[in-house]
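Here the structure is laid out as structure tokens; the discussion comes afterwards.
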Amino acid sequence: MAVTIKDIAKSANVSSATVSLVLNGKPGVGEETRERIFKIAGELGYQTPKPAPSTGGEAVCLLHISRHGHTVNRDHDVFISDYIEGLGQGAKGESLSLEIVTFKTSPIEKIIEVAKERKSAGFIVLGTELSESDVEAFSALDAPVVFIDTYVDFLPFDFVDMNNEDSVFTLVSDFAARGHKEIGLVKSTIETRNFKLREEGFSASLQRLGLSFEKRYVFAVDPTFHGAHEDMRKILQSGPKLPTALFCANDIIACGCLRALKEAGLRVPEDISLIGFDDLPLSAVVDPPLTTVQVSKAQIGRMAIQLLVTRIRGPALSPPVKVLIGGSLVERQSVRDIPVHGDEGGSA
């Protein structure tokens, strides 16, 4: 089996974006880390791919942006690497080279300035932590721009994102089909576009299924693993009435909450069922393995390249395109059925 950038990143304990920078001879990585990555790549037998034939030396650039680090951080390196893999596949198929530039807590003005200095045919922008005004700022670029992992109405850009609302309906429907009538939400204290859409999708799904939305079953926690664990620990200490099932806004939050629930003496799924979102590798190895929603980040990456190529090589005045990719439920062991005649009340 061929060695991938993700394999090297895992062995070197760095992000896939860092490995990509090193293997493509790009700046931004310390010499010690650079040497370690080259060493591990050699030990694993990684074969540097030959450059794809180019129609004019065109390169596209991924702007890997972390504005505050609460969602774009090491917990999500695998999540981001799936995007990179799809972008790389799409670029190769279009005879383009893919460059990656990483920004950590940089002002949006600085990001735009750096992008302007690059000789890129177009840009893919990781929009996870970008506000609407951040997205609008990219209108200053002359080159085409496609955003991934976010979606903003009204702005004249192309977007490729996961279909949050449909995906949330899928998981809430699963809870309902298993007999759960009291379903709660663990949302993020840090708002992103995707988190907001999942929250809106949650309440809309309950209404569509004829279930009530209870504010007392909505809890807010930090979206990092340790933050979610600590915040849920404090929530549980206050002794709230809990529903029989909780949808957590992503897998990192779900895993942090799972730890807090277990420490409080609550069993998953016997006392309370959990479903996450993103299908990160961690969700398959926690105890119990986490039921979650999987959306193909690689497919999103490939679609983003297709849209960008249309902008680079096609008509300049075609209207903006906003693409949503649906998700599917990955069933594991964190959800139980509620007996038809059993006690359906939540835990105290």
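Each chain of the structure tokens is named A, B, ... in the order shown, its residues numbered from 1; ligands are numbered from 1 in display order.
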Write out as an MDAnalysis selection string all residues of segment 106-319 of chain A that DSSP puts in helix (DSSP H, G or I) for this structure's backbone. chainID A and resid 108:117 132:140 164:177 193:208 215:217 225:237 251:263 281:285 297:313
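Remark: for Ile275 of chain A, the closest of the candidate residues A:Phe225, A:Phe202, A:Phe175, A:Tyr217 is A:Phe175 (distances computed over only C-alpha atoms).
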Determine the nearest neighbour of Thr170 of chain A from the options A:Val293, A:Leu242, A:Ala17, A:Ile148, counting only C-alpha atoms.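 Checking each candidate against Thr170 of chain A, we get A:Val293 as the closest.
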What does the distance from atom CA of His226 of chain A to atom CA of Ala249 of chain A come to in Å, to one decimal?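 We find that atom CA of His226 of chain A and atom CA of Ala249 of chain A lie 15.2 Å from each other.
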When distances are computed from only C-alpha atoms, which of A:Leu307, A:Val19, A:Val286, A:Ala260 shows the smallest separation from Glu35 of chain A?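 Among the listed residues, A:Val19 lies closest to Glu35 of chain A.
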Quick one: pick out all strand (DSSP E) residues within segment 168-306 of chain A from a backbone DSSP run and write them as a PyMOL selection string. chain A and resi 183-188+218-221+245-248+273-275+292-294
Could you state the separation of atom CA of Glu230 of chain A and atom CA of Pro269 of chain A in Å, given to one decimal place?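 Computed distance, atom CA of Glu230 of chain A to atom CA of Pro269 of chain A, equals 20.5 Å.
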Which residues are close to Glu199 of chain A, i.e. within 9 Å by only C-alpha atoms, leaving aside same-chain residues fewer than 3 positions away? Reply as an MDAnalysis selection string. chainID A and resid 165 168 185 187 194:196 202:204 249
Any chance you can output those residues with C-alpha atoms as an mmCIF file, in the first residue's frame?
data_model
loop_
_atom_site.group_PDB
_atom_site.id
_atom_site.type_symbol
_atom_site.label_atom_id
_atom_site.label_comp_id
_atom_site.auth_asym_id
_atom_site.auth_seq_id
_atom_site.Cartn_x
_atom_site.Cartn_y
_atom_site.Cartn_z
ATOM 1 C CA GLU A 165 -29.293 20.679 7.993
ATOM 2 C CA VAL A 168 -28.685 16.737 11.279
ATOM 3 C CA LEU A 185 -28.195 19.474 21.887
ATOM 4 C CA LYS A 187 -23.612 23.207 20.991
ATOM 5 C CA ASN A 194 -21.484 25.247 10.316
ATOM 6 C CA PHE A 195 -22.238 25.141 14.051
ATOM 7 C CA LYS A 196 -25.014 27.680 13.580
ATOM 8 C CA PHE A 202 -31.631 20.510 15.055
ATOM 9 C CA SER A 203 -34.665 22.594 16.042
ATOM 10 C CA ALA A 204 -36.146 22.315 12.532
ATOM 11 C CA ALA A 249 -22.239 19.557 17.353
#
Fewer than 5 positions away in the same chain doesn't count, so skip those; otherwise give me all residues within 10 Å of Leu261 of chain A, counting only C-alpha atoms, as a list in words.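 Answer for this query is His229, Met232, Arg233, Leu236, Cys255, Gly256, Leu266, Arg267, Val268, Asp271 and Ile272 of chain A.
Restricting the calculation to only C-alpha atoms, the smallest distance between Glu136 of chain A and any of A:Asp166, A:Glu32, A:Asp251, A:Asp153 is found for A:Asp153.
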May I have a table of the residues of segment 151-192 of chain A lying at most 12 Å from segment 58-69 of chain A, giving each one's closest pair of atoms and their distance in Å to one decimal, counting only C-alpha atoms, ordered by chain and ascending residue number, as CSV?
residue,atom,partner,partner_atom,distance
A:Ile190,CA,A:His68,CA,9.6
A:Glu191,CA,A:His68,CA,11.2
A:Thr192,CA,A:His68,CA,11.0
Suppose you want the space between atom CA of Asp222 of chain A and atom CA of Ser188 of chain A; what is it in Å?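 If I compute the distance from atom CA of Asp222 of chain A to atom CA of Ser188 of chain A, I get 5.6 Å.
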